[in-house]
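Asker: Enclosed is the structure file model-v9.cif (mmCIF, C-alpha atoms and all ligand atoms).
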```cif
data_final
loop_
_atom_site.group_PDB
_atom_site.id
_atom_site.type_symbol
_atom_site.label_atom_id
_atom_site.label_comp_id
_atom_site.auth_asym_id
_atom_site.auth_seq_id
_atom_site.Cartn_x
_atom_site.Cartn_y
_atom_site.Cartn_z
ATOM 1 C CA MET J 1 81.021 134.342 125.189
ATOM 2 C CA ILE J 2 80.305 137.128 122.763
ATOM 3 C CA GLN J 3 82.694 138.187 120.037
ATOM 4 C CA LEU J 4 81.890 141.655 118.785
ATOM 5 C CA ILE J 5 83.067 142.621 115.332
ATOM 6 C CA ILE J 6 82.722 146.260 114.380
ATOM 7 C CA ALA J 7 81.843 146.988 110.765
ATOM 8 C CA ASN J 8 82.344 150.351 109.117
ATOM 9 C CA ASN J 9 78.748 150.689 107.942
ATOM 10 C CA TYR J 10 75.654 148.717 106.944
ATOM 11 C CA GLU J 11 77.192 147.441 103.727
ATOM 12 C CA ASP J 12 80.330 146.283 105.494
ATOM 13 C CA MET J 13 78.216 144.574 108.203
ATOM 14 C CA SER J 14 76.243 142.721 105.515
ATOM 15 C CA LYS J 15 79.393 141.639 103.674
ATOM 16 C CA LYS J 16 81.067 140.384 106.853
ATOM 17 C CA ALA J 17 77.926 138.494 107.832
ATOM 18 C CA SER J 18 77.642 136.938 104.374
ATOM 19 C CA LYS J 19 81.255 135.779 104.577
ATOM 20 C CA LEU J 20 80.497 133.857 107.742
ATOM 21 C CA LEU J 21 77.320 132.342 106.304
ATOM 22 C CA ILE J 22 78.998 131.392 103.040
ATOM 23 C CA SER J 23 81.695 129.588 104.958
ATOM 24 C CA ARG J 24 79.117 127.663 107.035
ATOM 25 C CA ILE J 25 76.929 126.862 103.981
ATOM 26 C CA LYS J 26 79.967 125.426 102.210
ATOM 27 C CA ASP J 27 81.400 123.542 105.181
ATOM 28 C CA THR J 28 78.354 122.133 106.993
ATOM 29 C CA ILE J 29 76.233 119.729 104.984
ATOM 30 C CA PRO J 30 73.366 119.708 105.653
ATOM 31 C CA LEU J 31 73.248 123.100 107.371
ATOM 32 C CA ASN J 32 70.320 124.066 109.601
ATOM 33 C CA LEU J 33 70.118 127.817 109.393
ATOM 34 C CA GLY J 34 67.961 129.941 111.675
ATOM 35 C CA LEU J 35 66.873 133.109 109.916
ATOM 36 C CA ALA J 36 65.660 136.544 110.934
ATOM 37 C CA THR J 37 63.633 139.255 109.234
ATOM 38 C CA GLY J 38 63.457 143.041 109.644
ATOM 39 C CA SER J 39 65.448 145.650 107.773
ATOM 40 C CA THR J 40 68.809 144.591 109.238
ATOM 41 C CA PRO J 41 69.415 141.288 107.380
ATOM 42 C CA VAL J 42 68.178 142.539 103.967
ATOM 43 C CA GLY J 43 71.756 143.378 102.918
ATOM 44 C CA LEU J 44 72.975 139.952 104.058
ATOM 45 C CA TYR J 45 70.347 138.202 101.925
ATOM 46 C CA LYS J 46 71.300 140.405 98.988
ATOM 47 C CA GLU J 47 74.947 139.378 99.314
ATOM 48 C CA LEU J 48 74.028 135.684 99.492
ATOM 49 C CA VAL J 49 71.751 135.976 96.459
ATOM 50 C CA THR J 50 74.583 137.620 94.514
ATOM 51 C CA GLU J 51 76.998 134.851 95.500
ATOM 52 C CA TYR J 52 74.451 132.271 94.365
ATOM 53 C CA ALA J 53 73.871 134.105 91.079
ATOM 54 C CA ASN J 54 77.628 134.100 90.518
ATOM 55 C CA GLY J 55 77.657 130.328 90.919
ATOM 56 C CA ASN J 56 79.573 130.374 94.205
ATOM 57 C CA LEU J 57 76.912 128.965 96.482
ATOM 58 C CA ASP J 58 74.588 125.976 96.588
ATOM 59 C CA PHE J 59 71.552 125.805 98.908
ATOM 60 C CA GLU J 60 70.569 122.261 97.934
ATOM 61 C CA HIS J 61 71.412 120.973 101.411
ATOM 62 C CA THR J 62 70.410 123.999 103.472
ATOM 63 C CA ARG J 63 67.370 123.873 105.734
ATOM 64 C CA THR J 64 65.986 127.087 107.154
ATOM 65 C CA PHE J 65 63.951 127.900 110.257
ATOM 66 C CA ASN J 66 62.606 131.397 110.626
ATOM 67 C CA LEU J 67 62.276 133.025 114.005
ATOM 68 C CA ASP J 68 58.799 134.440 113.840
ATOM 69 C CA GLU J 69 55.648 135.574 112.049
ATOM 70 C CA TYR J 70 52.830 138.027 112.673
ATOM 71 C CA ILE J 71 49.576 136.427 113.773
ATOM 72 C CA GLY J 72 46.786 137.002 111.253
ATOM 73 C CA LEU J 73 48.968 137.593 108.186
ATOM 74 C CA SER J 74 48.971 135.029 105.390
ATOM 75 C CA PRO J 75 52.136 134.305 103.371
ATOM 76 C CA TYR J 76 50.588 136.360 100.529
ATOM 77 C CA ASN J 77 50.404 139.491 102.675
ATOM 78 C CA PRO J 78 53.399 141.700 101.723
ATOM 79 C CA ASN J 79 53.897 142.529 105.415
ATOM 80 C CA SER J 80 54.176 138.907 106.469
ATOM 81 C CA TYR J 81 57.625 137.572 107.237
ATOM 82 C CA SER J 82 56.959 134.677 104.896
ATOM 83 C CA TYR J 83 56.470 137.123 102.011
ATOM 84 C CA TYR J 84 59.610 138.978 103.087
ATOM 85 C CA MET J 85 61.693 135.787 103.034
ATOM 86 C CA TRP J 86 60.560 134.792 99.547
ATOM 87 C CA LYS J 87 61.001 138.324 98.254
ATOM 88 C CA HIS J 88 64.500 138.873 99.610
ATOM 89 C CA PHE J 89 65.944 135.376 99.604
ATOM 90 C CA PHE J 90 64.132 132.147 98.821
ATOM 91 C CA SER J 91 62.846 133.089 95.330
ATOM 92 C CA HIS J 92 66.384 133.783 94.182
ATOM 93 C CA ILE J 93 68.195 130.646 95.352
ATOM 94 C CA ASN J 94 67.991 126.881 94.833
ATOM 95 C CA ILE J 95 66.663 126.012 98.286
ATOM 96 C CA ARG J 96 64.145 123.152 98.325
ATOM 97 C CA LYS J 97 60.665 124.282 99.351
ATOM 98 C CA GLU J 98 60.344 121.396 101.801
ATOM 99 C CA ASN J 99 63.488 122.606 103.573
ATOM 100 C CA ILE J 100 61.963 126.014 104.389
ATOM 101 C CA HIS J 101 60.251 126.395 107.769
ATOM 102 C CA ILE J 102 58.414 129.547 108.823
ATOM 103 C CA PRO J 103 55.854 129.573 111.634
ATOM 104 C CA PRO J 104 52.394 130.204 110.130
ATOM 105 C CA GLY J 105 50.525 133.419 110.952
ATOM 106 C CA ILE J 106 47.113 131.862 110.378
ATOM 107 C CA PHE J 107 46.137 128.523 111.910
ATOM 108 C CA ALA J 108 43.303 126.623 113.567
ATOM 109 C CA ASN J 109 45.151 124.719 116.273
ATOM 110 C CA GLU J 110 47.671 126.812 118.182
ATOM 111 C CA GLN J 111 49.200 123.974 120.188
ATOM 112 C CA LYS J 112 49.674 121.810 117.101
ATOM 113 C CA VAL J 113 51.434 124.615 115.267
ATOM 114 C CA ILE J 114 53.758 125.139 118.225
ATOM 115 C CA ASP J 115 54.456 121.425 118.678
ATOM 116 C CA ASP J 116 55.046 120.912 114.945
ATOM 117 C CA TYR J 117 57.510 123.796 114.766
ATOM 118 C CA GLU J 118 59.478 122.577 117.771
ATOM 119 C CA GLU J 119 59.445 119.031 116.401
ATOM 120 C CA ALA J 120 60.669 120.134 112.967
ATOM 121 C CA ILE J 121 63.734 121.755 114.565
ATOM 122 C CA VAL J 122 64.425 118.713 116.733
ATOM 123 C CA GLN J 123 63.974 116.314 113.801
ATOM 124 C CA ALA J 124 66.453 118.331 111.754
ATOM 125 C CA GLY J 125 68.999 117.939 114.555
ATOM 126 C CA GLY J 126 68.825 121.489 115.955
ATOM 127 C CA ILE J 127 69.970 124.778 114.513
ATOM 128 C CA ASP J 128 73.621 125.050 113.503
ATOM 129 C CA LEU J 129 73.742 128.787 112.946
ATOM 130 C CA GLN J 130 71.055 131.222 114.066
ATOM 131 C CA VAL J 131 70.980 134.698 112.517
ATOM 132 C CA LEU J 132 69.415 137.367 114.722
ATOM 133 C CA GLY J 133 68.502 141.020 114.551
ATOM 134 C CA ILE J 134 67.690 142.987 117.680
ATOM 135 C CA GLY J 135 64.816 145.239 118.666
ATOM 136 C CA ALA J 136 65.577 148.640 120.190
ATOM 137 C CA ASN J 137 64.120 147.240 123.443
ATOM 138 C CA GLY J 138 66.404 144.207 123.288
ATOM 139 C CA HIS J 139 63.835 141.819 121.855
ATOM 140 C CA ILE J 140 65.070 138.812 119.945
ATOM 141 C CA GLY J 141 62.745 137.318 117.346
ATOM 142 C CA PHE J 142 59.565 138.454 119.075
ATOM 143 C CA ASN J 143 60.703 137.519 122.574
ATOM 144 C CA GLU J 144 59.690 140.740 124.266
ATOM 145 C CA PRO J 145 61.052 142.154 127.550
ATOM 146 C CA GLY J 146 59.084 141.018 130.597
ATOM 147 C CA GLU J 147 59.065 139.165 133.895
ATOM 148 C CA SER J 148 59.950 135.885 132.227
ATOM 149 C CA LEU J 149 61.097 134.425 128.916
ATOM 150 C CA SER J 150 59.661 131.382 127.146
ATOM 151 C CA VAL J 151 61.788 128.421 126.246
ATOM 152 C CA SER J 152 59.695 127.126 123.360
ATOM 153 C CA THR J 153 57.813 128.518 120.382
ATOM 154 C CA HIS J 154 54.877 130.572 121.663
ATOM 155 C CA ILE J 155 52.368 133.285 120.901
ATOM 156 C CA VAL J 156 53.261 136.731 122.185
ATOM 157 C CA GLU J 157 51.530 140.077 122.643
ATOM 158 C CA LEU J 158 53.730 142.695 121.015
ATOM 159 C CA LYS J 159 54.895 145.627 123.118
ATOM 160 C CA SER J 160 53.670 149.064 122.091
ATOM 161 C CA GLU J 161 57.250 150.146 121.317
ATOM 162 C CA THR J 162 57.644 147.161 118.970
ATOM 163 C CA ILE J 163 54.369 147.942 117.215
ATOM 164 C CA LYS J 164 55.511 151.540 116.839
ATOM 165 C CA ALA J 165 58.974 150.569 115.567
ATOM 166 C CA ASN J 166 57.589 148.069 113.065
ATOM 167 C CA SER J 167 54.791 150.386 111.867
ATOM 168 C CA ARG J 168 57.267 151.854 109.381
ATOM 169 C CA PHE J 169 56.625 148.828 107.171
ATOM 170 C CA PHE J 170 52.814 149.225 107.313
ATOM 171 C CA GLU J 171 50.474 151.933 105.982
ATOM 172 C CA ASN J 172 49.684 152.969 109.528
ATOM 173 C CA LYS J 173 50.223 151.844 113.116
ATOM 174 C CA ASP J 174 46.738 150.313 113.403
ATOM 175 C CA GLU J 175 47.580 147.797 110.691
ATOM 176 C CA VAL J 176 50.450 146.265 112.662
ATOM 177 C CA PRO J 177 49.323 142.945 114.156
ATOM 178 C CA LYS J 178 49.199 142.968 117.958
ATOM 179 C CA LYS J 179 50.372 139.388 118.280
ATOM 180 C CA ALA J 180 53.081 137.192 116.829
ATOM 181 C CA ILE J 181 54.348 133.642 116.984
ATOM 182 C CA THR J 182 58.019 133.320 117.812
ATOM 183 C CA MET J 183 60.684 130.754 118.513
ATOM 184 C CA GLY J 184 61.417 130.892 122.248
ATOM 185 C CA MET J 185 64.679 132.063 123.781
ATOM 186 C CA GLY J 186 65.385 128.486 124.869
ATOM 187 C CA LYS J 187 65.384 127.164 121.317
ATOM 188 C CA ILE J 188 67.428 130.137 120.128
ATOM 189 C CA MET J 189 69.987 129.471 122.866
ATOM 190 C CA GLU J 190 70.219 125.828 121.765
ATOM 191 C CA ALA J 191 71.664 126.909 118.402
ATOM 192 C CA LYS J 192 75.290 125.836 118.116
ATOM 193 C CA GLU J 193 76.339 129.251 116.875
ATOM 194 C CA ILE J 194 74.591 132.620 116.922
ATOM 195 C CA LEU J 195 75.215 135.612 114.681
ATOM 196 C CA LEU J 196 73.519 138.849 115.734
ATOM 197 C CA LEU J 197 73.494 141.818 113.396
ATOM 198 C CA ALA J 198 72.942 145.394 114.510
ATOM 199 C CA SER J 199 72.941 148.569 112.485
ATOM 200 C CA GLY J 200 72.128 152.167 113.271
ATOM 201 C CA LYS J 201 72.187 154.347 116.370
ATOM 202 C CA GLU J 202 68.651 153.260 117.373
ATOM 203 C CA LYS J 203 70.204 149.928 118.380
ATOM 204 C CA ALA J 204 73.157 151.354 120.325
ATOM 205 C CA LYS J 205 71.546 151.230 123.764
ATOM 206 C CA ALA J 206 70.195 147.693 123.328
ATOM 207 C CA LEU J 207 73.524 146.525 121.963
ATOM 208 C CA ALA J 208 75.460 148.008 124.881
ATOM 209 C CA GLN J 209 73.130 146.228 127.274
ATOM 210 C CA THR J 210 73.453 142.998 125.294
ATOM 211 C CA VAL J 211 77.190 142.796 125.766
ATOM 212 C CA LYS J 212 77.700 144.692 129.032
ATOM 213 C CA GLY J 213 74.392 144.695 130.872
ATOM 214 C CA ILE J 214 73.128 142.442 133.639
ATOM 215 C CA VAL J 215 71.615 139.270 132.206
ATOM 216 C CA GLU J 216 67.895 139.763 132.712
ATOM 217 C CA THR J 217 64.525 139.077 131.122
ATOM 218 C CA HIS J 218 63.733 142.781 130.772
ATOM 219 C CA CYS J 219 66.359 142.861 128.040
ATOM 220 C CA PRO J 220 66.079 139.437 126.352
ATOM 221 C CA SER J 221 69.240 139.883 124.266
ATOM 222 C CA THR J 222 71.383 139.903 127.445
ATOM 223 C CA ILE J 223 70.757 136.143 127.706
ATOM 224 C CA LEU J 224 73.148 135.748 124.788
ATOM 225 C CA GLN J 225 76.010 136.482 127.206
ATOM 226 C CA ILE J 226 75.707 132.957 128.574
ATOM 227 C CA HIS J 227 75.771 131.261 125.150
ATOM 228 C CA PRO J 228 79.170 129.740 124.353
ATOM 229 C CA ASN J 229 79.415 130.916 120.746
ATOM 230 C CA VAL J 230 77.918 134.283 119.810
ATOM 231 C CA LYS J 231 79.255 136.656 117.203
ATOM 232 C CA ILE J 232 77.847 140.137 116.885
ATOM 233 C CA ILE J 233 78.576 142.161 113.785
ATOM 234 C CA ALA J 234 77.564 145.735 114.452
ATOM 235 C CA ASP J 235 78.231 148.851 112.457
ATOM 236 C CA LYS J 236 79.911 151.868 114.022
ATOM 237 C CA GLU J 237 76.617 153.625 114.738
ATOM 238 C CA ALA J 238 75.154 150.654 116.588
ATOM 239 C CA SER J 239 78.326 150.099 118.605
ATOM 240 C CA PHE J 240 79.271 153.692 119.403
ATOM 241 C CA LEU J 241 78.343 153.345 123.093
ATOM 242 C CA ILE J 242 80.618 150.365 123.676
ATOM 243 C CA ALA J 243 83.322 149.822 121.107
ATOM 244 C CA ASP J 244 86.075 151.621 122.983
ATOM 245 C CA ARG J 245 85.094 150.357 126.422
ATOM 246 C CA ILE J 246 84.719 146.620 126.207
ATOM 247 C CA ARG J 247 88.193 145.292 125.578
ATOM 248 C CA ALA J 248 88.644 144.109 129.126
ATOM 249 C CA SER J 249 85.134 142.774 129.630
ATOM 250 C CA ASN J 250 84.726 139.163 130.716
ATOM 251 C CA ASN J 251 81.739 138.533 128.514
ATOM 252 C CA CYS J 252 82.836 140.080 125.296
ATOM 253 C CA ILE J 253 85.901 140.211 123.104
ATOM 254 C CA LEU J 254 86.199 143.021 120.621
ATOM 255 C CA PHE J 255 87.766 142.099 117.310
ATOM 256 C CA SER J 256 89.072 144.615 114.902
ATOM 257 C CA SER J 257 87.347 144.417 111.555
ATOM 258 C CA ASP J 258 90.210 142.470 110.002
ATOM 259 C CA ARG J 259 89.877 139.538 112.370
ATOM 260 C CA MET J 260 86.616 138.732 110.635
ATOM 261 C CA GLU J 261 88.686 137.555 107.682
ATOM 262 C CA GLN J 262 89.396 134.367 109.621
ATOM 263 C CA TYR J 263 85.810 133.259 108.928
ATOM 264 C CA GLY J 264 86.240 133.712 105.191
HETATM 265 C C1 LIG J 301 61.207 142.569 114.399
HETATM 266 C C2 LIG J 301 61.631 141.123 114.285
HETATM 267 C C3 LIG J 301 62.992 140.880 114.875
HETATM 268 C C4 LIG J 301 63.968 141.928 114.370
HETATM 269 C C5 LIG J 301 63.502 143.284 114.820
HETATM 270 C C6 LIG J 301 64.417 144.404 114.397
HETATM 271 O O1 LIG J 301 60.523 142.865 115.548
HETATM 272 N N1 LIG J 301 60.700 140.254 114.906
HETATM 273 O O2 LIG J 301 63.425 139.578 114.539
HETATM 274 O O3 LIG J 301 65.247 141.662 114.855
HETATM 275 O O4 LIG J 301 62.226 143.516 114.242
HETATM 276 O O5 LIG J 301 64.106 144.795 113.108
HETATM 277 P P1 LIG J 301 64.950 145.765 112.207
HETATM 278 O O6 LIG J 301 66.071 144.962 111.685
HETATM 279 O O7 LIG J 301 64.012 146.190 111.120
HETATM 280 O O8 LIG J 301 65.385 146.890 113.066
#
```
As structure tokens, how would this structure be written, given the file I've shared?
Ligand code: GLP
Answerer:
Amino acid sequence: MIQLIIANNYEDMSKKASKLLISRIKDTIPLNLGLATGSTPVGLYKELVTEYANGNLDFEHTRTFNLDEYIGLSPYNPNSYSYYMWKHFFSHINIRKENIHIPPGIFANEQKVIDDYEEAIVQAGGIDLQVLGIGANGHIGFNEPGESLSVSTHIVELKSETIKANSRFFENKDEVPKKAITMGMGKIMEAKEILLLASGKEKAKALAQTVKGIVETHCPSTILQIHPNVKIIADKEASFLIADRIRASNNCILFSSDRMEQYG
């Protein structure tokens, strides 16, 4: 079941998302939080950092598991997702270093890295709340559209459209790594609760498919329809193709913005 909450704009989306996370961080101890990168959750991290700075939040008992990383980039590379996470979030809060998990982009033994990442999530007791962004082609983490989807953490060849979309963060398209390591859709679907964020008209088509489309591997985000507890917070631009048409859908309930207050 998907609950779709429409936000007025990017700032509103970030604030609504932070409200939900703050409530889970306060109520679930310890909390296993799955985290995403990309431009979409930057505002969410900013809100959480502000709450922490104001003394309203404690990350002492929070463990994090990031979705993915580019193959070949070290944590010191400003384009790596590890660098991103420290820059936008971890450096500003009191999370314990040993509670942070990000798949490495450079390694000697691929299978060991995969097994260790899977094991770390299992040992922690699974993910309580998984934050997701969405690619314009419906990818989740780096689970790209294709004939099949992987259950576990795996190495993936990035689609040309993903390389193109993500090249905006690099000096040029050739610098974007061609491969990534990502949590599999199976592990993502095992999370007890999922929060997907979407902002901007570039995501409108993928978002419409996510909530209304046929569940299929060529749009990985459609799999979320069969998860029991998914919330999507999308701004008006990202939801313009669906917001007025989904009230009667079996898979998705549309909440007015105010209903989000219940998570506060
Ligand atoms: C990358 C990440 C995804 C993210 C997507 C969208 O490919 N691997 O986890 O959801 O980009 O990014 P953005 O939020 O910048 O649009």
Asker: Name the residues in contact with J:Ser239 at a cut-off of 12 Å, using all atoms listed in the file, excluding same-chain residues fewer than 3 positions from it; report them as a PyMOL selection string.
Answerer: chain J and resi 4-9+13+197-212+232-236+242-246+254
Asker: Pull C-alpha atoms from the residues just selected and write them as a PDB file, in the frame of the given file.
Answerer:
```pdb
ATOM      1  CA  LEU J   4      81.890 141.655 118.785  1.00  0.00           C
ATOM      2  CA  ILE J   5      83.067 142.621 115.332  1.00  0.00           C
ATOM      3  CA  ILE J   6      82.722 146.260 114.380  1.00  0.00           C
ATOM      4  CA  ALA J   7      81.843 146.988 110.765  1.00  0.00           C
ATOM      5  CA  ASN J   8      82.344 150.351 109.117  1.00  0.00           C
ATOM      6  CA  ASN J   9      78.748 150.689 107.942  1.00  0.00           C
ATOM      7  CA  MET J  13      78.216 144.574 108.203  1.00  0.00           C
ATOM      8  CA  LEU J 197      73.494 141.818 113.396  1.00  0.00           C
ATOM      9  CA  ALA J 198      72.942 145.394 114.510  1.00  0.00           C
ATOM     10  CA  SER J 199      72.941 148.569 112.485  1.00  0.00           C
ATOM     11  CA  GLY J 200      72.128 152.167 113.271  1.00  0.00           C
ATOM     12  CA  LYS J 201      72.187 154.347 116.370  1.00  0.00           C
ATOM     13  CA  GLU J 202      68.651 153.260 117.373  1.00  0.00           C
ATOM     14  CA  LYS J 203      70.204 149.928 118.380  1.00  0.00           C
ATOM     15  CA  ALA J 204      73.157 151.354 120.325  1.00  0.00           C
ATOM     16  CA  LYS J 205      71.546 151.230 123.764  1.00  0.00           C
ATOM     17  CA  ALA J 206      70.195 147.693 123.328  1.00  0.00           C
ATOM     18  CA  LEU J 207      73.524 146.525 121.963  1.00  0.00           C
ATOM     19  CA  ALA J 208      75.460 148.008 124.881  1.00  0.00           C
ATOM     20  CA  GLN J 209      73.130 146.228 127.274  1.00  0.00           C
ATOM     21  CA  THR J 210      73.453 142.998 125.294  1.00  0.00           C
ATOM     22  CA  VAL J 211      77.190 142.796 125.766  1.00  0.00           C
ATOM     23  CA  LYS J 212      77.700 144.692 129.032  1.00  0.00           C
ATOM     24  CA  ILE J 232      77.847 140.137 116.885  1.00  0.00           C
ATOM     25  CA  ILE J 233      78.576 142.161 113.785  1.00  0.00           C
ATOM     26  CA  ALA J 234      77.564 145.735 114.452  1.00  0.00           C
ATOM     27  CA  ASP J 235      78.231 148.851 112.457  1.00  0.00           C
ATOM     28  CA  LYS J 236      79.911 151.868 114.022  1.00  0.00           C
ATOM     29  CA  ILE J 242      80.618 150.365 123.676  1.00  0.00           C
ATOM     30  CA  ALA J 243      83.322 149.822 121.107  1.00  0.00           C
ATOM     31  CA  ASP J 244      86.075 151.621 122.983  1.00  0.00           C
ATOM     32  CA  ARG J 245      85.094 150.357 126.422  1.00  0.00           C
ATOM     33  CA  ILE J 246      84.719 146.620 126.207  1.00  0.00           C
ATOM     34  CA  LEU J 254      86.199 143.021 120.621  1.00  0.00           C
TER      35      LEU J 254
END
```
Asker: Determine the residue set returned by the PyMOL selection byres (((chain J and resi 97) around 12) and not hetatm) for the present structure, and present it as number ranges by chain.
Answerer: J: 59-65, 86, 90-91, 93-96, 98-102
Asker: Just give me the gap between atom CA of J:Val151 and atom CA of J:Lys187 in Å, one decimal is fine.
Answerer: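 Going from atom CA of J:Val151 over to atom CA of J:Lys187, I get 6.2 Å.
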Asker: Hey, which residues come within 10 Å of ligand LIG 301 (chain J) if we count only C-alpha atoms and all ligand atoms? Could you give them as an MDAnalysis selection string?
Answerer: chainID J and resid 35:42 66:70 81 131:144 158:159 161:163 165:166 168:169 180:182 196:200 202:203
Asker: Taking the file above as input, evaluate the PyMOL selection byres (((chain J and resi 109-118) around 9) and not hetatm) and report the hits as JSON, numbers by chain.
Answerer: {"J": [65, 101, 102, 103, 104, 107, 108, 119, 120, 121, 122, 123, 152, 153, 154, 155, 181, 183, 187]}
Asker: Given the file above and the PyMOL selection byres (((chain J and resi 26) around 10) and not hetatm), which residues are selected, and can you give them as a PyMOL selection string?
Answerer: chain J and resi 21-25+27-31+56-59+61-62
Asker: Given 8 Å of margin on each side, can you work out the centre and size in Å (one decimal) of an axis-aligned box holding every listed atom of stretch 20-28 of chain J, as JSON?
Answerer:
```
{"center_x": 79.3, "center_y": 128.0, "center_z": 105.0, "size_x": 20.8, "size_y": 27.7, "size_z": 21.5}
```
Asker: May I ask for the distance between atom CA of J:Ser150 and atom CA of J:Leu241, given in Å to one decimal place?
Answerer: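 Interatomic distance, atom CA of J:Ser150 to atom CA of J:Leu241: 29.1 Å.
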Asker: Could you rebuild stretch 167-188 of chain J with N, CA and C atoms and give it back as an mmCIF file, in the coordinates of the input?
Answerer:
```
data_model
loop_
_atom_site.group_PDB
_atom_site.id
_atom_site.type_symbol
_atom_site.label_atom_id
_atom_site.label_comp_id
_atom_site.auth_asym_id
_atom_site.auth_seq_id
_atom_site.Cartn_x
_atom_site.Cartn_y
_atom_site.Cartn_z
ATOM 1 N N SER J 167 55.865 149.743 112.665
ATOM 2 C CA SER J 167 54.791 150.386 111.867
ATOM 3 C C SER J 167 55.364 151.046 110.612
ATOM 4 N N ARG J 168 56.684 151.228 110.565
ATOM 5 C CA ARG J 168 57.267 151.854 109.381
ATOM 6 C C ARG J 168 57.095 150.991 108.133
ATOM 7 N N PHE J 169 56.827 149.709 108.325
ATOM 8 C CA PHE J 169 56.625 148.828 107.171
ATOM 9 C C PHE J 169 55.151 148.776 106.745
ATOM 10 N N PHE J 170 54.255 149.299 107.580
ATOM 11 C CA PHE J 170 52.814 149.225 107.313
ATOM 12 C C PHE J 170 52.295 150.608 106.916
ATOM 13 N N GLU J 171 51.049 150.637 106.370
ATOM 14 C CA GLU J 171 50.474 151.933 105.982
ATOM 15 C C GLU J 171 50.263 152.812 107.194
ATOM 16 N N ASN J 172 49.784 152.220 108.278
ATOM 17 C CA ASN J 172 49.684 152.969 109.528
ATOM 18 C C ASN J 172 49.801 152.019 110.721
ATOM 19 N N LYS J 173 49.947 152.623 111.900
ATOM 20 C CA LYS J 173 50.223 151.844 113.116
ATOM 21 C C LYS J 173 49.123 150.829 113.423
ATOM 22 N N ASP J 174 47.867 151.204 113.086
ATOM 23 C CA ASP J 174 46.738 150.313 113.403
ATOM 24 C C ASP J 174 46.783 149.013 112.614
ATOM 25 N N GLU J 175 47.506 149.024 111.507
ATOM 26 C CA GLU J 175 47.580 147.797 110.691
ATOM 27 C C GLU J 175 48.577 146.774 111.236
ATOM 28 N N VAL J 176 49.443 147.198 112.136
ATOM 29 C CA VAL J 176 50.450 146.265 112.662
ATOM 30 C C VAL J 176 49.750 145.246 113.565
ATOM 31 N N PRO J 177 49.936 143.954 113.282
ATOM 32 C CA PRO J 177 49.323 142.945 114.156
ATOM 33 C C PRO J 177 49.761 143.134 115.606
ATOM 34 N N LYS J 178 48.891 142.788 116.527
ATOM 35 C CA LYS J 178 49.199 142.968 117.958
ATOM 36 C C LYS J 178 49.857 141.718 118.543
ATOM 37 N N LYS J 179 49.803 140.649 117.775
ATOM 38 C CA LYS J 179 50.372 139.388 118.280
ATOM 39 C C LYS J 179 51.292 138.762 117.247
ATOM 40 N N ALA J 180 52.166 137.918 117.730
ATOM 41 C CA ALA J 180 53.081 137.192 116.829
ATOM 42 C C ALA J 180 53.349 135.812 117.396
ATOM 43 N N ILE J 181 53.860 134.954 116.530
ATOM 44 C CA ILE J 181 54.348 133.642 116.984
ATOM 45 C C ILE J 181 55.868 133.674 116.839
ATOM 46 N N THR J 182 56.557 133.235 117.860
ATOM 47 C CA THR J 182 58.019 133.320 117.812
ATOM 48 C C THR J 182 58.689 132.093 118.423
ATOM 49 N N MET J 183 59.830 131.753 117.889
ATOM 50 C CA MET J 183 60.684 130.754 118.513
ATOM 51 C C MET J 183 61.029 131.294 119.905
ATOM 52 N N GLY J 184 61.104 130.423 120.893
ATOM 53 C CA GLY J 184 61.417 130.892 122.248
ATOM 54 C C GLY J 184 62.908 131.098 122.449
ATOM 55 N N MET J 185 63.257 131.810 123.510
ATOM 56 C CA MET J 185 64.679 132.063 123.781
ATOM 57 C C MET J 185 65.437 130.765 124.046
ATOM 58 N N GLY J 186 64.733 129.774 124.594
ATOM 59 C CA GLY J 186 65.385 128.486 124.869
ATOM 60 C C GLY J 186 65.880 127.845 123.596
ATOM 61 N N LYS J 187 65.012 127.786 122.596
ATOM 62 C CA LYS J 187 65.384 127.164 121.317
ATOM 63 C C LYS J 187 66.500 127.971 120.647
ATOM 64 N N ILE J 188 66.388 129.285 120.727
ATOM 65 C CA ILE J 188 67.428 130.137 120.128
ATOM 66 C C ILE J 188 68.774 129.856 120.801
#
```
